[in-house]
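See below for structure_17.cif, which holds mmCIF, C-alpha atoms.
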```
data_protein
loop_
_atom_site.label_atom_id
_atom_site.label_comp_id
_atom_site.auth_asym_id
_atom_site.auth_seq_id
_atom_site.Cartn_x
_atom_site.Cartn_y
_atom_site.Cartn_z
CA MET A 1 35.47 43.88 18.93
CA ASP A 2 38.72 44.21 20.86
CA LYS A 3 41.57 44.48 18.32
CA ARG A 4 44.40 44.20 20.83
CA ARG A 5 46.96 41.51 20.17
CA ARG A 6 46.02 38.31 21.92
CA ALA A 7 48.49 35.51 22.67
CA ARG A 8 47.60 31.93 21.96
CA ILE A 9 49.55 29.38 23.92
CA LEU A 10 49.72 25.87 22.51
CA ILE A 11 51.36 23.16 24.61
CA MET A 12 52.25 19.95 22.82
CA THR A 13 53.12 17.31 25.40
CA GLY A 14 53.03 13.58 25.93
CA PRO A 15 55.13 10.48 25.38
CA GLY A 16 56.66 9.48 22.08
CA LYS A 17 57.17 11.33 18.86
CA GLY A 18 55.24 14.07 17.08
CA LYS A 19 55.29 17.09 19.37
CA THR A 20 58.08 18.96 17.60
CA THR A 21 56.66 17.95 14.22
CA ALA A 22 53.29 19.44 15.17
CA ALA A 23 54.99 22.62 16.37
CA MET A 24 56.93 22.85 13.09
CA GLY A 25 53.67 22.71 11.15
CA THR A 26 52.28 25.60 13.18
CA LEU A 27 55.55 27.49 12.81
CA LEU A 28 55.42 27.03 9.04
CA ARG A 29 51.88 28.43 8.96
CA CYS A 30 53.06 31.49 10.89
CA LEU A 31 55.87 32.07 8.41
CA ALA A 32 53.49 31.60 5.48
CA CYS A 33 51.25 34.30 6.98
CA GLY A 34 54.16 36.76 7.09
CA LYS A 35 54.81 36.53 10.82
CA LYS A 36 58.23 37.02 12.38
CA VAL A 37 58.98 33.81 14.30
CA LEU A 38 61.39 32.86 17.09
CA LEU A 39 62.18 29.18 17.68
CA THR A 40 64.21 28.15 20.72
CA ARG A 41 65.35 24.52 20.73
CA PHE A 42 66.42 23.70 24.27
CA THR A 43 67.71 20.15 23.87
CA GLN A 44 68.63 19.79 20.20
CA ALA A 45 72.20 20.68 19.32
CA VAL A 46 72.14 19.26 15.81
CA ASN A 47 70.27 20.62 12.83
CA SER A 48 67.32 18.75 11.46
CA GLY A 49 66.08 18.57 7.87
CA GLU A 50 63.11 20.81 8.50
CA LEU A 51 65.35 23.50 9.98
CA ASP A 52 67.56 23.48 6.92
CA ILE A 53 64.52 24.47 4.86
CA LEU A 54 62.93 26.82 7.40
CA ARG A 55 66.16 28.76 7.91
CA ARG A 56 65.85 30.01 4.34
CA SER A 57 63.20 32.39 5.66
CA ASP A 58 64.40 35.82 6.75
CA SER A 59 61.46 35.86 9.16
CA LEU A 60 62.76 33.00 11.34
CA THR A 61 65.21 33.32 14.22
CA VAL A 62 66.51 30.06 15.72
CA PHE A 63 68.27 29.66 19.05
CA SER A 64 69.59 26.15 19.75
CA GLY A 65 71.20 24.48 22.73
CA GLU A 66 74.83 23.62 22.21
CA TYR A 67 74.93 20.52 24.41
CA GLY A 68 72.16 18.31 23.02
CA MET A 69 70.14 15.92 25.14
CA THR A 70 70.31 16.54 28.89
CA PRO A 71 72.08 13.91 31.01
CA PRO A 72 70.91 12.90 34.50
CA PRO A 73 71.67 15.40 37.31
CA SER A 74 74.43 13.10 38.62
CA HIS A 75 76.37 13.41 35.34
CA PRO A 76 79.41 15.75 35.51
CA ASP A 77 78.19 17.70 32.45
CA TYR A 78 74.74 18.40 33.90
CA PRO A 79 75.67 21.89 35.25
CA PHE A 80 76.74 22.92 31.74
CA HIS A 81 73.33 21.89 30.39
CA VAL A 82 71.54 23.85 33.13
CA ALA A 83 73.61 26.96 32.40
CA ALA A 84 72.97 26.60 28.65
CA ALA A 85 69.20 26.21 29.19
CA ARG A 86 69.08 29.27 31.43
CA GLU A 87 71.11 31.28 28.91
CA LEU A 88 68.79 30.22 26.07
CA PHE A 89 65.73 31.11 28.12
CA GLU A 90 67.12 34.57 28.90
CA LYS A 91 68.12 35.13 25.26
CA THR A 92 64.59 34.11 24.23
CA ARG A 93 63.02 36.43 26.78
CA GLN A 94 65.01 39.36 25.42
CA ALA A 95 64.30 38.59 21.75
CA ALA A 96 60.61 37.70 22.06
CA PRO A 97 59.17 41.25 21.86
CA GLU A 98 60.56 41.58 18.32
CA HIS A 99 58.64 38.50 17.12
CA ASP A 100 55.01 37.69 16.37
CA ALA A 101 55.27 34.04 17.42
CA VAL A 102 57.57 32.25 19.87
CA PHE A 103 58.15 28.49 19.95
CA LEU A 104 59.85 26.92 23.00
CA ASP A 105 60.76 23.40 21.87
CA GLU A 106 61.25 21.01 24.84
CA ILE A 107 60.48 23.69 27.46
CA CYS A 108 58.33 21.26 29.50
CA GLY A 109 61.29 18.89 29.87
CA VAL A 110 63.56 21.78 30.84
CA VAL A 111 61.09 22.82 33.54
CA ALA A 112 60.56 19.22 34.72
CA ARG A 113 64.32 18.87 35.22
CA GLY A 114 64.45 22.10 37.26
CA MET A 115 66.69 23.84 34.74
CA VAL A 116 64.30 26.80 34.44
CA ARG A 117 61.64 27.45 37.05
CA GLU A 118 58.02 27.00 36.02
CA GLU A 119 57.14 30.43 37.47
CA GLU A 120 59.70 32.06 35.18
CA VAL A 121 58.15 30.42 32.13
CA VAL A 122 54.59 31.31 33.19
CA ASP A 123 55.61 34.93 33.85
CA PHE A 124 57.34 35.08 30.46
CA LEU A 125 54.30 33.68 28.65
CA ALA A 126 52.12 36.29 30.35
CA THR A 127 54.22 39.04 28.76
CA LEU A 128 53.59 37.77 25.24
CA GLY A 129 49.99 38.75 24.86
#
```
For this file, produce the structure as structure tokens.
Amino acid sequence: MDKRRRARILIMTGPGKGKTTAAMGTLLRCLACGKKVLLTRFTQAVNSGELDILRRSDSLTVFSGEYGMTPPPSHPDYPFHVAAARELFEKTRQAAPEHDAVFLDEICGVVARGMVREEEVVDFLATLG
């Protein structure tokens, strides 16, 4: 049997609530199994209750966007959100090799808004496994 490390990519998508909650459950399992975890939150600037608890783990690194929810492209603050998303993505790319699991919360929305190119994300995911 091939014992090389193999990446598993889980994409939680769809309308409504529950995607981040499902990801948090998987993240918690990773931490419970002794994995070093990186969580990048692209559109949440505020802390949530689950993060307050999860941050007690020395095995979790969290990167969060500083601007919160992304406004429409016509909004004057939109360029700041794009720059912040690109900076977070680059920071994540650099930190990922030091972690066993990487969670990209709201990455599909970031790609859909053209803030990070889909090809960049696909290429990054290919480096993980």
Students should find that atom CA of Ser48 of chain A and atom CA of Arg93 of chain A are spaced 23.8 Å
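Every residue that the PyMOL selection byres ((chain A and resi 28) around 12) selects in this file is listed here: A:Thr21, A:Ala22, A:Ala23, A:Met24, A:Gly25, A:Thr26, A:Leu27, A:Arg29, A:Cys30, A:Leu31, A:Ala32, A:Cys33, A:Gly34, A:Lys35, A:Lys36, A:Val37, A:Leu38, A:Leu39, A:Glu50, A:Leu51, A:Ile53, A:Leu54, A:Arg55, A:Arg56, A:Ser57, A:Ser59, A:Leu60, A:Ala101, A:Phe103.
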Item to complete: Would you kindly translate the PyMOL selection byres ((chain A and resi 8-13) around 12) into the concrete residues it picks from this file, as a ChimeraX atom specification?
Response: /A:5-7,14-24,26-27,100-109,121-122,124-129
Skipping near chain neighbours, those fewer than 6 positions away, what residues fall within 8 Å of segment 74-89 of chain A using only C-alpha atoms, listed as number ranges by chain?
A: 40, 42, 63-67, 110, 115-116
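For the pair atom CA of Lys91 of chain A and atom CA of Pro72 of chain A, the interatomic distance is 24.2 Å.
The interatomic distance for the pair atom CA of Arg41 of chain A and atom CA of Gly68 of chain A works out to 9.5 Å.
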Hey, what comes out of the PyMOL selection byres ((chain A and resi 69) around 8) on this file? Could you write it as a PyMOL selection string?
-> chain A and resi 43-45+67-68+70-71
Between A:Gly49, A:Thr61, A:Val111, A:Glu118, smallest distance to His99 of chain A by only C-alpha atoms belongs to A:Thr61
As a CSV table (one decimal), in the frame of the given file, could you write out segment 52-63 of chain A once it has been completed with all heavy atoms?
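result-v3.csv, freshly written:
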```csv
chain,number,residue,atom,x,y,z
A,52,ASP,N,66.8,23.1,8.1
A,52,ASP,CA,67.6,23.5,6.9
A,52,ASP,C,66.7,24.2,5.9
A,52,ASP,O,67.1,25.2,5.3
A,52,ASP,CB,68.2,22.3,6.2
A,52,ASP,CG,69.3,21.6,7.1
A,52,ASP,OD1,69.8,22.3,8.0
A,52,ASP,OD2,69.6,20.4,6.8
A,53,ILE,N,65.5,23.8,5.8
A,53,ILE,CA,64.5,24.5,4.9
A,53,ILE,C,64.0,25.8,5.5
A,53,ILE,O,63.9,26.8,4.9
A,53,ILE,CB,63.4,23.5,4.5
A,53,ILE,CG1,63.9,22.4,3.6
A,53,ILE,CG2,62.3,24.3,3.7
A,53,ILE,CD1,63.0,21.3,3.3
A,54,LEU,N,63.5,25.7,6.7
A,54,LEU,CA,62.9,26.8,7.4
A,54,LEU,C,63.9,28.0,7.5
A,54,LEU,O,63.5,29.1,7.5
A,54,LEU,CB,62.4,26.4,8.8
A,54,LEU,CG,61.2,25.5,8.8
A,54,LEU,CD1,60.9,25.0,10.2
A,54,LEU,CD2,60.0,26.2,8.2
A,55,ARG,N,65.2,27.7,7.7
A,55,ARG,CA,66.2,28.8,7.9
A,55,ARG,C,66.3,29.6,6.7
A,55,ARG,O,67.0,30.7,6.7
A,55,ARG,CB,67.5,28.2,8.3
A,55,ARG,CG,67.6,27.9,9.8
A,55,ARG,CD,69.0,27.7,10.2
A,55,ARG,NE,69.1,27.7,11.7
A,55,ARG,CZ,69.6,26.8,12.4
A,55,ARG,NH1,70.0,25.7,11.9
A,55,ARG,NH2,69.6,26.9,13.7
A,56,ARG,N,65.8,29.2,5.6
A,56,ARG,CA,65.8,30.0,4.3
A,56,ARG,C,65.0,31.3,4.5
A,56,ARG,O,65.1,32.2,3.7
A,56,ARG,CB,65.4,29.2,3.1
A,56,ARG,CG,66.3,28.0,2.8
A,56,ARG,CD,65.8,27.2,1.7
A,56,ARG,NE,66.7,26.0,1.6
A,56,ARG,CZ,66.4,25.0,0.7
A,56,ARG,NH1,65.3,25.1,0.0
A,56,ARG,NH2,67.2,24.0,0.7
A,57,SER,N,64.1,31.3,5.4
A,57,SER,CA,63.2,32.4,5.7
A,57,SER,C,63.9,33.5,6.5
A,57,SER,O,64.5,33.2,7.5
A,57,SER,CB,61.9,31.9,6.4
A,57,SER,OG,61.2,33.1,6.8
A,58,ASP,N,63.8,34.7,6.0
A,58,ASP,CA,64.4,35.8,6.8
A,58,ASP,C,63.6,36.2,8.0
A,58,ASP,O,64.0,37.0,8.8
A,58,ASP,CB,64.5,37.1,5.9
A,58,ASP,CG,65.5,36.9,4.7
A,58,ASP,OD1,66.5,36.1,4.9
A,58,ASP,OD2,65.4,37.5,3.7
A,59,SER,N,62.4,35.6,8.1
A,59,SER,CA,61.5,35.9,9.2
A,59,SER,C,61.6,34.9,10.3
A,59,SER,O,60.9,35.0,11.3
A,59,SER,CB,60.0,35.8,8.7
A,59,SER,OG,59.8,36.8,7.7
A,60,LEU,N,62.6,34.0,10.3
A,60,LEU,CA,62.8,33.0,11.3
A,60,LEU,C,64.1,33.2,12.0
A,60,LEU,O,65.1,33.3,11.4
A,60,LEU,CB,62.7,31.6,10.8
A,60,LEU,CG,63.0,30.5,11.8
A,60,LEU,CD1,61.9,30.4,12.8
A,60,LEU,CD2,63.1,29.1,11.1
A,61,THR,N,64.0,33.3,13.4
A,61,THR,CA,65.2,33.3,14.2
A,61,THR,C,65.2,32.0,15.0
A,61,THR,O,64.2,31.6,15.6
A,61,THR,CB,65.2,34.5,15.2
A,61,THR,OG1,65.0,35.7,14.5
A,61,THR,CG2,66.4,34.6,16.1
A,62,VAL,N,66.4,31.3,15.0
A,62,VAL,CA,66.5,30.1,15.7
A,62,VAL,C,67.6,30.2,16.7
A,62,VAL,O,68.7,30.5,16.4
A,62,VAL,CB,66.8,28.9,14.8
A,62,VAL,CG1,67.0,27.6,15.5
A,62,VAL,CG2,65.7,28.8,13.7
A,63,PHE,N,67.3,29.8,18.0
A,63,PHE,CA,68.3,29.7,19.0
A,63,PHE,C,68.3,28.2,19.4
A,63,PHE,O,67.2,27.6,19.6
A,63,PHE,CB,67.9,30.5,20.3
A,63,PHE,CG,67.8,31.9,20.1
A,63,PHE,CD1,67.0,32.7,20.9
A,63,PHE,CD2,68.6,32.6,19.2
A,63,PHE,CE1,66.9,34.1,20.8
A,63,PHE,CE2,68.5,34.0,19.1
A,63,PHE,CZ,67.7,34.7,19.8
```
